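K.L.:
upload-v7.pdb is reproduced in full below (PDB, C-alpha atoms and all ligand atoms).
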ATOM      1  CA  MET F   1       0.000   0.000   0.000
ATOM      2  CA  THR F   2       1.388   3.447  -0.843
ATOM      3  CA  GLU F   3       1.999   5.903   1.997
ATOM      4  CA  PRO F   4      -0.356   8.888   2.025
ATOM      5  CA  ARG F   5       1.430  12.061   0.846
ATOM      6  CA  ARG F   6       2.646  14.098   3.797
ATOM      7  CA  ALA F   7       0.914  17.483   3.900
ATOM      8  CA  ARG F   8       3.351  20.378   3.799
ATOM      9  CA  ALA F   9       3.660  22.047   7.172
ATOM     10  CA  THR F  10       4.506  25.462   5.749
ATOM     11  CA  GLU F  11       3.222  27.572   2.907
ATOM     12  CA  ALA F  12       6.426  29.042   1.484
ATOM     13  CA  PHE F  13       9.401  27.137   2.891
ATOM     14  CA  PHE F  14      10.621  24.243   0.723
ATOM     15  CA  GLY F  15      14.236  23.913   1.825
ATOM     16  CA  ARG F  16      16.232  21.884   4.330
ATOM     17  CA  ARG F  17      15.863  22.597   8.034
ATOM     18  CA  LYS F  18      19.001  20.779   9.173
ATOM     19  CA  GLY F  19      22.525  20.263   7.885
ATOM     20  CA  LYS F  20      25.526  18.865   9.761
ATOM     21  CA  PRO F  21      24.961  17.983  13.419
ATOM     22  CA  LEU F  22      25.387  21.062  15.605
ATOM     23  CA  ARG F  23      28.431  21.387  17.828
ATOM     24  CA  GLU F  24      27.704  21.219  21.543
ATOM     25  CA  ARG F  25      27.931  24.971  22.017
ATOM     26  CA  GLN F  26      25.667  25.652  19.035
ATOM     27  CA  ALA F  27      23.080  23.194  20.316
ATOM     28  CA  ALA F  28      23.178  24.910  23.699
ATOM     29  CA  GLN F  29      22.572  28.307  22.083
ATOM     30  CA  ILE F  30      19.620  26.951  20.117
ATOM     31  CA  GLU F  31      18.245  25.517  23.336
ATOM     32  CA  ASN F  32      18.931  28.467  25.637
ATOM     33  CA  LEU F  33      19.346  31.678  23.660
ATOM     34  CA  LEU F  34      16.875  31.157  20.826
ATOM     35  CA  PRO F  35      13.804  30.853  23.086
ATOM     36  CA  ALA F  36      14.658  34.232  24.640
ATOM     37  CA  LEU F  37      14.866  35.910  21.227
ATOM     38  CA  ARG F  38      12.212  33.981  19.315
ATOM     39  CA  LEU F  39       8.932  35.707  18.495
ATOM     40  CA  ASP F  40       5.997  34.033  20.190
ATOM     41  CA  LEU F  41       3.355  33.908  17.491
ATOM     42  CA  LYS F  42       0.858  32.334  19.887
ATOM     43  CA  GLU F  43       0.594  35.732  21.586
ATOM     44  CA  PRO F  44      -0.833  38.658  19.642
ATOM     45  CA  ALA F  45       1.811  41.011  18.263
ATOM     46  CA  PRO F  46       2.260  44.210  20.285
ATOM     47  CA  GLU F  47       0.668  47.186  18.568
ATOM     48  CA  ASP F  48       3.975  49.018  18.847
ATOM     49  CA  LEU F  49       6.740  46.661  17.730
ATOM     50  CA  SER F  50       9.375  48.558  19.700
ATOM     51  CA  ALA F  51       7.977  46.629  22.698
ATOM     52  CA  LEU F  52       9.674  43.496  21.292
ATOM     53  CA  PHE F  53      13.145  44.897  21.892
ATOM     54  CA  PRO F  54      14.967  45.724  25.132
ATOM     55  CA  ALA F  55      16.865  48.378  23.168
ATOM     56  CA  ALA F  56      15.042  51.658  22.468
ATOM     57  CA  VAL F  57      14.265  51.327  18.773
ATOM     58  CA  LYS F  58      12.555  53.799  16.460
ATOM     59  CA  ARG F  59      12.146  51.647  13.351
ATOM     60  CA  THR F  60      11.697  47.965  12.522
ATOM     61  CA  ARG F  61      13.122  45.926   9.655
ATOM     62  CA  LEU F  62      12.353  42.364   8.643
ATOM     63  CA  GLU F  63      14.935  40.139   6.930
ATOM     64  CA  ILE F  64      13.549  36.990   5.319
ATOM     65  CA  GLY F  65      15.927  34.025   4.915
ATOM     66  CA  PHE F  66      19.043  35.563   6.486
ATOM     67  CA  GLY F  67      21.211  32.495   5.770
ATOM     68  CA  GLY F  68      24.669  32.948   7.323
ATOM     69  CA  GLY F  69      23.377  36.176   8.912
ATOM     70  CA  GLU F  70      26.231  38.382   7.597
ATOM     71  CA  HIS F  71      23.845  41.099   6.483
ATOM     72  CA  LEU F  72      21.553  40.974   9.513
ATOM     73  CA  ILE F  73      24.335  41.184  12.079
ATOM     74  CA  HIS F  74      26.076  43.961  10.151
ATOM     75  CA  ARG F  75      22.889  46.051   9.958
ATOM     76  CA  ALA F  76      21.960  45.423  13.594
ATOM     77  CA  ALA F  77      25.421  46.480  14.779
ATOM     78  CA  GLU F  78      25.558  49.549  12.537
ATOM     79  CA  ASP F  79      22.099  50.805  13.530
ATOM     80  CA  PRO F  80      21.171  50.143  17.177
ATOM     81  CA  SER F  81      18.117  52.417  16.926
ATOM     82  CA  THR F  82      16.439  49.988  14.504
ATOM     83  CA  GLY F  83      14.872  46.729  15.674
ATOM     84  CA  PHE F  84      15.504  43.775  13.342
ATOM     85  CA  ILE F  85      13.361  40.685  12.943
ATOM     86  CA  GLY F  86      15.326  37.902  11.254
ATOM     87  CA  VAL F  87      13.638  34.786   9.904
ATOM     88  CA  GLU F  88      15.518  31.613   8.970
ATOM     89  CA  PRO F  89      14.270  28.011   9.236
ATOM     90  CA  PHE F  90      17.704  26.377   8.625
ATOM     91  CA  VAL F  91      18.953  25.516  12.105
ATOM     92  CA  ASN F  92      22.687  25.601  11.287
ATOM     93  CA  SER F  93      22.320  29.172  10.011
ATOM     94  CA  MET F  94      20.343  30.158  13.084
ATOM     95  CA  ALA F  95      23.118  28.741  15.290
ATOM     96  CA  LYS F  96      25.717  30.812  13.422
ATOM     97  CA  LEU F  97      23.746  34.000  13.954
ATOM     98  CA  LEU F  98      23.108  33.279  17.645
ATOM     99  CA  ARG F  99      26.836  32.967  18.183
ATOM    100  CA  GLN F 100      27.375  36.436  16.684
ATOM    101  CA  ILE F 101      24.514  37.961  18.663
ATOM    102  CA  GLU F 102      26.013  36.662  21.880
ATOM    103  CA  ALA F 103      29.625  37.540  21.052
ATOM    104  CA  ARG F 104      28.739  41.091  19.981
ATOM    105  CA  GLU F 105      26.082  41.653  22.670
ATOM    106  CA  ILE F 106      23.473  42.655  20.108
ATOM    107  CA  ASP F 107      20.129  43.550  21.704
ATOM    108  CA  ASN F 108      18.106  44.835  18.757
ATOM    109  CA  VAL F 109      17.388  41.514  17.014
ATOM    110  CA  ARG F 110      14.414  39.177  17.361
ATOM    111  CA  LEU F 111      14.227  35.875  15.538
ATOM    112  CA  TYR F 112      11.889  33.329  14.053
ATOM    113  CA  ASP F 113      12.919  29.877  12.878
ATOM    114  CA  ASP F 114      10.144  28.899  10.505
ATOM    115  CA  ASP F 115       8.348  30.131   7.399
ATOM    116  CA  ALA F 116       8.398  33.937   7.114
ATOM    117  CA  THR F 117       4.772  33.978   5.917
ATOM    118  CA  GLN F 118       3.790  33.123   9.507
ATOM    119  CA  VAL F 119       5.562  36.235  10.811
ATOM    120  CA  LEU F 120       4.092  38.381   8.056
ATOM    121  CA  ASP F 121       0.578  37.253   8.997
ATOM    122  CA  TRP F 122       1.276  37.934  12.697
ATOM    123  CA  LEU F 123       2.658  41.455  12.334
ATOM    124  CA  PRO F 124       0.306  44.421  12.778
ATOM    125  CA  PRO F 125      -0.591  46.418   9.671
ATOM    126  CA  ALA F 126       1.806  49.229   8.685
ATOM    127  CA  SER F 127       4.296  48.246  11.393
ATOM    128  CA  ILE F 128       7.495  47.611   9.383
ATOM    129  CA  ASP F 129       9.829  50.136   7.752
ATOM    130  CA  GLN F 130      11.718  47.760   5.474
ATOM    131  CA  VAL F 131      11.529  44.179   4.240
ATOM    132  CA  ASP F 132      14.812  42.668   3.015
ATOM    133  CA  LEU F 133      14.689  39.606   0.760
ATOM    134  CA  LEU F 134      18.309  38.954  -0.190
ATOM    135  CA  TYR F 135      19.239  36.155  -2.575
ATOM    136  CA  PRO F 136      16.028  34.198  -1.986
ATOM    137  CA  ASP F 137      16.039  30.575  -3.150
ATOM    138  CA  PRO F 138      15.911  31.081  -6.946
ATOM    139  CA  TRP F 139      13.956  28.012  -8.065
ATOM    140  CA  PRO F 140      15.336  28.369 -11.605
ATOM    141  CA  LYS F 141      13.264  25.586 -13.218
ATOM    142  CA  ARG F 142      10.015  26.881 -14.621
ATOM    143  CA  LYS F 143       7.984  24.115 -12.941
ATOM    144  CA  HIS F 144       9.238  25.427  -9.552
ATOM    145  CA  TRP F 145       8.651  29.131 -10.133
ATOM    146  CA  LYS F 146       5.497  28.939  -8.036
ATOM    147  CA  ARG F 147       7.745  28.251  -5.036
ATOM    148  CA  ARG F 148       9.484  31.612  -5.328
ATOM    149  CA  PHE F 149       8.942  33.804  -2.287
ATOM    150  CA  VAL F 150       7.950  36.742  -4.460
ATOM    151  CA  SER F 151       4.338  36.132  -5.460
ATOM    152  CA  LYS F 152       1.099  38.090  -5.590
ATOM    153  CA  VAL F 153       0.048  36.704  -2.211
ATOM    154  CA  ASN F 154       3.371  37.534  -0.520
ATOM    155  CA  LEU F 155       3.434  41.028  -2.041
ATOM    156  CA  ASP F 156      -0.047  41.486  -0.532
ATOM    157  CA  ARG F 157       1.526  40.476   2.792
ATOM    158  CA  PHE F 158       4.391  42.962   2.367
ATOM    159  CA  ALA F 159       1.900  45.674   1.404
ATOM    160  CA  ARG F 160      -0.088  45.037   4.588
ATOM    161  CA  VAL F 161       2.839  45.142   7.023
ATOM    162  CA  LEU F 162       4.893  47.932   5.422
ATOM    163  CA  ARG F 163       4.226  51.516   6.425
ATOM    164  CA  PRO F 164       3.380  53.842   3.542
ATOM    165  CA  GLY F 165       6.776  54.944   2.214
ATOM    166  CA  GLY F 166       8.387  51.752   3.603
ATOM    167  CA  LEU F 167      10.775  49.773   1.399
ATOM    168  CA  PHE F 168      10.972  46.285  -0.031
ATOM    169  CA  CYS F 169      14.610  45.526  -0.938
ATOM    170  CA  PHE F 170      15.411  42.512  -3.117
ATOM    171  CA  ALA F 171      18.768  41.237  -4.351
ATOM    172  CA  SER F 172      19.395  38.339  -6.700
ATOM    173  CA  ASP F 173      21.960  37.029  -9.174
ATOM    174  CA  ILE F 174      19.368  35.058 -11.139
ATOM    175  CA  ASP F 175      18.115  37.089 -14.114
ATOM    176  CA  SER F 176      14.813  35.243 -14.433
ATOM    177  CA  TYR F 177      14.045  35.935 -10.745
ATOM    178  CA  VAL F 178      14.967  39.620 -11.090
ATOM    179  CA  ASN F 179      12.608  39.933 -14.064
ATOM    180  CA  TRP F 180       9.952  37.957 -12.209
ATOM    181  CA  THR F 181      10.152  40.359  -9.254
ATOM    182  CA  LEU F 182      10.066  43.448 -11.476
ATOM    183  CA  ILE F 183       6.952  42.147 -13.225
ATOM    184  CA  HIS F 184       5.184  41.143  -9.996
ATOM    185  CA  CYS F 185       5.878  44.531  -8.389
ATOM    186  CA  ARG F 186       4.919  46.429 -11.563
ATOM    187  CA  ASP F 187       1.588  44.597 -11.517
ATOM    188  CA  HIS F 188       0.984  45.282  -7.807
ATOM    189  CA  ALA F 189      -0.703  48.592  -7.059
ATOM    190  CA  ALA F 190       1.029  48.996  -3.676
ATOM    191  CA  PHE F 191       4.604  49.070  -5.009
ATOM    192  CA  GLU F 192       6.658  51.408  -7.142
ATOM    193  CA  TRP F 193      10.223  50.746  -8.268
ATOM    194  CA  THR F 194      12.496  53.559  -7.116
ATOM    195  CA  ALA F 195      15.168  53.145  -9.844
ATOM    196  CA  GLU F 196      15.651  56.025 -12.262
ATOM    197  CA  LYS F 197      18.807  54.849 -14.033
ATOM    198  CA  SER F 198      20.613  51.536 -14.419
ATOM    199  CA  ALA F 199      23.211  52.422 -11.766
ATOM    200  CA  ASP F 200      20.360  52.444  -9.224
ATOM    201  CA  TRP F 201      19.797  48.698  -9.555
ATOM    202  CA  LEU F 202      23.359  47.696 -10.444
ATOM    203  CA  THR F 203      24.851  49.345  -7.351
ATOM    204  CA  PRO F 204      24.529  47.505  -4.029
ATOM    205  CA  PHE F 205      22.367  49.054  -1.304
ATOM    206  CA  ALA F 206      24.120  51.713   0.813
ATOM    207  CA  GLY F 207      26.453  50.178   3.390
ATOM    208  CA  TRP F 208      26.086  46.721   1.804
ATOM    209  CA  PRO F 209      28.262  44.082   3.513
ATOM    210  CA  SER F 210      27.618  41.352   0.912
ATOM    211  CA  THR F 211      26.432  37.850   1.809
ATOM    212  CA  ARG F 212      27.557  34.281   1.411
ATOM    213  CA  TYR F 213      25.267  33.710  -1.563
ATOM    214  CA  GLU F 214      26.503  36.844  -3.245
ATOM    215  CA  ALA F 215      30.103  35.640  -2.850
ATOM    216  CA  LYS F 216      29.099  32.325  -4.451
ATOM    217  CA  ALA F 217      27.480  34.170  -7.369
ATOM    218  CA  ARG F 218      30.675  36.173  -7.956
ATOM    219  CA  ARG F 219      32.836  33.032  -7.836
ATOM    220  CA  GLU F 220      30.556  31.539 -10.462
ATOM    221  CA  GLY F 221      30.776  34.705 -12.609
ATOM    222  CA  ARG F 222      27.288  36.125 -12.053
ATOM    223  CA  GLY F 223      26.491  39.786 -11.314
ATOM    224  CA  SER F 224      23.532  40.921  -9.226
ATOM    225  CA  ALA F 225      20.593  43.285  -9.275
ATOM    226  CA  TYR F 226      19.570  45.298  -6.212
ATOM    227  CA  LEU F 227      15.930  46.335  -6.482
ATOM    228  CA  THR F 228      14.222  48.808  -4.160
ATOM    229  CA  PHE F 229      10.431  49.201  -4.209
ATOM    230  CA  ARG F 230       8.500  51.777  -2.236
ATOM    231  CA  ARG F 231       5.186  51.008  -0.536
ATOM    232  CA  VAL F 232       2.963  53.730  -2.001
TER     233      VAL F 232
HETATM  234  C1  LIG C   1      19.729  31.233  -1.123
HETATM  235  S1  LIG C   1      19.684  31.427   0.617
HETATM  236  C2  LIG C   1      20.255  33.116   0.865
HETATM  237  C3  LIG C   1      20.737  33.371   2.256
HETATM  238  C4  LIG C   1      21.237  34.783   2.530
HETATM  239  N1  LIG C   1      20.161  35.764   2.414
HETATM  240  C5  LIG C   1      22.394  35.162   1.642
HETATM  241  O1  LIG C   1      22.252  36.067   0.818
HETATM  242  O2  LIG C   1      23.463  34.532   1.783
HETATM  243  C6  LIG C   1      17.932  31.590   0.927
HETATM  244  C7  LIG C   1      17.582  31.402   2.390
HETATM  245  O3  LIG C   1      16.168  31.611   2.550
HETATM  246  C8  LIG C   1      15.670  30.692   3.510
HETATM  247  N2  LIG C   1      14.217  30.547   3.235
HETATM  248  C9  LIG C   1      13.640  29.913   2.199
HETATM  249  N3  LIG C   1      12.308  29.980   2.276
HETATM  250  C10 LIG C   1      12.021  30.701   3.393
HETATM  251  C11 LIG C   1      10.808  31.082   4.015
HETATM  252  N4  LIG C   1       9.611  30.742   3.511
HETATM  253  N5  LIG C   1      10.882  31.800   5.166
HETATM  254  C12 LIG C   1      12.096  32.149   5.683
HETATM  255  N6  LIG C   1      13.270  31.799   5.133
HETATM  256  C13 LIG C   1      13.237  31.075   4.000
HETATM  257  C14 LIG C   1      16.494  29.430   3.275
HETATM  258  O4  LIG C   1      16.537  28.573   4.411
HETATM  259  C15 LIG C   1      17.869  30.009   2.933
HETATM  260  O5  LIG C   1      18.683  30.129   4.059
END
Once more with this new file: its structure as structure tokens, please.

P.N.:
Amino acid sequence: MTEPRRARATEAFFGRRKGKPLRERQAAQIENLLPALRLDLKEPAPEDLSALFPAAVKRTRLEIGFGGGEHLIHRAAEDPSTGFIGVEPFVNSMAKLLRQIEAREIDNVRLYDDDATQVLDWLPPASIDQVDLLYPDPWPKRKHWKRRFVSKVNLDRFARVLRPGGLFCFASDIDSYVNWTLIHCRDHAAFEWTAEKSADWLTPFAGWPSTRYEAKARREGRGSAYLTFRRV
């Protein structure tokens, strides 16, 4: 008898959750530090998101799929007056970031270790100043395009949580995904592309520290596009 197909537990996460076994110290940080920093989606979100952070923060940014966490930790350290919510379901990446948070005594980051759509649906309307989606899984085969994080339904989610004037920043080295994102945002009434000339999307975002996936793209000879859309 064939096994019944397992229902997917998440809407928009299709990747691996675990890699190599964690070292003892990493496992301890996942067990002890993550629960203190993890958003509790069973409780309603505070109306004012600054209540999530012990640091006094004036703005909030959301980074979806932070991977090695190079960008998130860099931004959090450079701007202590912004609260950062980082989402990453891959446990080895989460462990790497926790180590940095502890070593650098960062207190303006909150985390979530599952599908970012859950956080987006939990956040209050117009509560976020910027959404960063940096080198999202590209799903290059046409039959997998529907798995891409950028979609009409997820742009509706961004539009709900972003304040008017807030930004959606997207970077990718995969041309078909860059075009896909441009078309989806062009067709969405809540977003306008801020670029006026080609340098605007060929130049990395201000203060850009690069990421592991960007380094891989360069090694493999691919350039990147950096797209900024404004929530109108
Ligand atoms: C290609 S990697 C890029 C990582 C990092 N941003 C960088 O530039 O190096 C994409 C990351 O997105 C994460 N991811 C995929 N789907 C996600 C989802 N639905 N919610 C949150 N993270 C997701 C993956 O686990 C992976 O770490």

K.L.:
For a cut-off of 12 Å around (23.1, 37.6, 1.7), file coordinates, pick out all residues using all atoms listed in the file and list them as number ranges by chain.

P.N.:
F: 63-75, 93, 132-137, 169-173, 204-205, 208-217, 224, 226

K.L.:
Which of these, F:Leu22, F:Leu97, F:Val57, F:Leu49, has the shortest distance to ligand LIG 1 (chain C) once you count only C-alpha atoms and all ligand atoms?

P.N.:
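For ligand LIG 1 (chain C), the nearest of the given residues is F:Leu97.
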
K.L.:
Between F:Lys96, F:Lys42, F:Arg148, F:Arg25, which is the closest to ligand LIG 1 (chain C) once you count all atoms listed in the file?

P.N.:
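Of all the options, F:Arg148 lies closest to ligand LIG 1 (chain C).
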
K.L.:
Which is closer to ligand LIG 1 (chain C) than all the others in F:Val150, F:Val178, F:Val161, F:Ala77, using all atoms listed in the file?

P.N.:
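Counting all atoms listed in the file, the residue closest to ligand LIG 1 (chain C) is F:Val150.
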
K.L.:
Counting only C-alpha atoms, what is within 9 Å of Asp113 of chain F, bar same-chain residues fewer than 6 positions away, as a list in words?

P.N.:
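Skipping anything fewer than 6 positions along the chain leaves Leu34, Arg38, Gly86, Val87, Glu88, Pro89, Phe90, Val91 and Met94 of chain F.
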
K.L.:
On this file, the PyMOL selection byres (((chain F and resi 55) around 10) and not hetatm) gives some set of residues; write that set as a ChimeraX atom specification.

P.N.:
/F:50-54,56-58,80-83,106-109

K.L.:
Using the file's own x, y and z axes, what box holds all listed atoms of ligand LIG 1 (chain C) with 5 Å on each side, keeping edges along x, y and z, and what are its centre and edge lengths in Å to one decimal, as AutoDock Vina command-line options?

P.N.:
--center_x 16.5 --center_y 32.3 --center_z 2.3 --size_x 23.9 --size_y 17.5 --size_z 16.8

K.L.:
Convert the output of the PyMOL selection byres (((chain F and resi 228) around 6) and not hetatm) on the shown file into explicit residues, formatted as a list in words.

P.N.:
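Output of the PyMOL selection byres (((chain F and resi 228) around 6) and not hetatm): Phe168, Cys169, Thr194, Leu227 and Phe229 of chain F.
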
K.L.:
Please indicate the distance in Å from atom CA of Trp145 of chain F to atom O4 of ligand LIG 1 (chain C), rounded to one decimal place.

P.N.:
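Between atom CA of Trp145 of chain F and atom O4 of ligand LIG 1 (chain C) the gap is 16.6 Å.
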
K.L.:
To verify the selection step, state as a ChimeraX atom specification which residues the PyMOL selection byres (((chain F and resi 118-131) around 8) and not hetatm) yields on this input.

P.N.:
/F:41,44-49,59-64,112,114-117,132-133,157-158,160-169

K.L.:
Take the residues from that selection and put them in a file with C-alpha atoms, as a tab-separated table (two decimals), keeping the file's coordinate frame.

P.N.:
chain	number	residue	atom	x	y	z
F	41	LEU	CA	3.36	33.91	17.49
F	44	PRO	CA	-0.83	38.66	19.64
F	45	ALA	CA	1.81	41.01	18.26
F	46	PRO	CA	2.26	44.21	20.28
F	47	GLU	CA	0.67	47.19	18.57
F	48	ASP	CA	3.98	49.02	18.85
F	49	LEU	CA	6.74	46.66	17.73
F	59	ARG	CA	12.15	51.65	13.35
F	60	THR	CA	11.70	47.96	12.52
F	61	ARG	CA	13.12	45.93	9.65
F	62	LEU	CA	12.35	42.36	8.64
F	63	GLU	CA	14.94	40.14	6.93
F	64	ILE	CA	13.55	36.99	5.32
F	112	TYR	CA	11.89	33.33	14.05
F	114	ASP	CA	10.14	28.90	10.50
F	115	ASP	CA	8.35	30.13	7.40
F	116	ALA	CA	8.40	33.94	7.11
F	117	THR	CA	4.77	33.98	5.92
F	132	ASP	CA	14.81	42.67	3.02
F	133	LEU	CA	14.69	39.61	0.76
F	157	ARG	CA	1.53	40.48	2.79
F	158	PHE	CA	4.39	42.96	2.37
F	160	ARG	CA	-0.09	45.04	4.59
F	161	VAL	CA	2.84	45.14	7.02
F	162	LEU	CA	4.89	47.93	5.42
F	163	ARG	CA	4.23	51.52	6.42
F	164	PRO	CA	3.38	53.84	3.54
F	165	GLY	CA	6.78	54.94	2.21
F	166	GLY	CA	8.39	51.75	3.60
F	167	LEU	CA	10.78	49.77	1.40
F	168	PHE	CA	10.97	46.28	-0.03
F	169	CYS	CA	14.61	45.53	-0.94

K.L.:
In Å to one decimal, how far is atom CA of Glu196 of chain F from atom C9 of ligand LIG 1 (chain C)?

P.N.:
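That distance, rounded to one decimal, is 29.9 Å.
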
K.L.:
How far is it from atom CA of Ser151 of chain F to atom CA of Thr181 of chain F, in Å with one decimal?

P.N.:
8.1 Å

K.L.:
Find, counting all atoms listed in the file, the residue in F:Leu37, F:Ala159, F:Ala27, F:Leu111 that gets nearest to ligand LIG 1 (chain C).

P.N.:
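The shortest atom-to-atom distance to ligand LIG 1 (chain C) comes from F:Leu111.
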
K.L.:
Sorted by chain and rising residue number, which residues of segment 13-72 of chain F lie within 12 Å of segment 138-142 of chain F, and what are their closest atom pairs and distances in Å to one decimal, counting only C-alpha atoms, as JSON lines?

P.N.:
{"residue": "F:Phe13", "atom": "CA", "partner": "F:Trp139", "partner_atom": "CA", "distance": 11.9}
{"residue": "F:Phe14", "atom": "CA", "partner": "F:Trp139", "partner_atom": "CA", "distance": 10.1}
{"residue": "F:Gly15", "atom": "CA", "partner": "F:Trp139", "partner_atom": "CA", "distance": 10.7}

K.L.:
Hey, which of F:Pro21, F:Asn92, F:Asp40, F:Ile101 ends up closest to ligand LIG 1 (chain C)? Count all atoms listed in the file.

P.N.:
F:Asn92

K.L.:
So which one's closest to ligand LIG 1 (chain C), F:Lys20, F:Arg104, F:Arg218, F:Arg147? Using all atoms listed in the file, please.

P.N.:
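Selected residue with least distance to ligand LIG 1 (chain C): F:Arg147.
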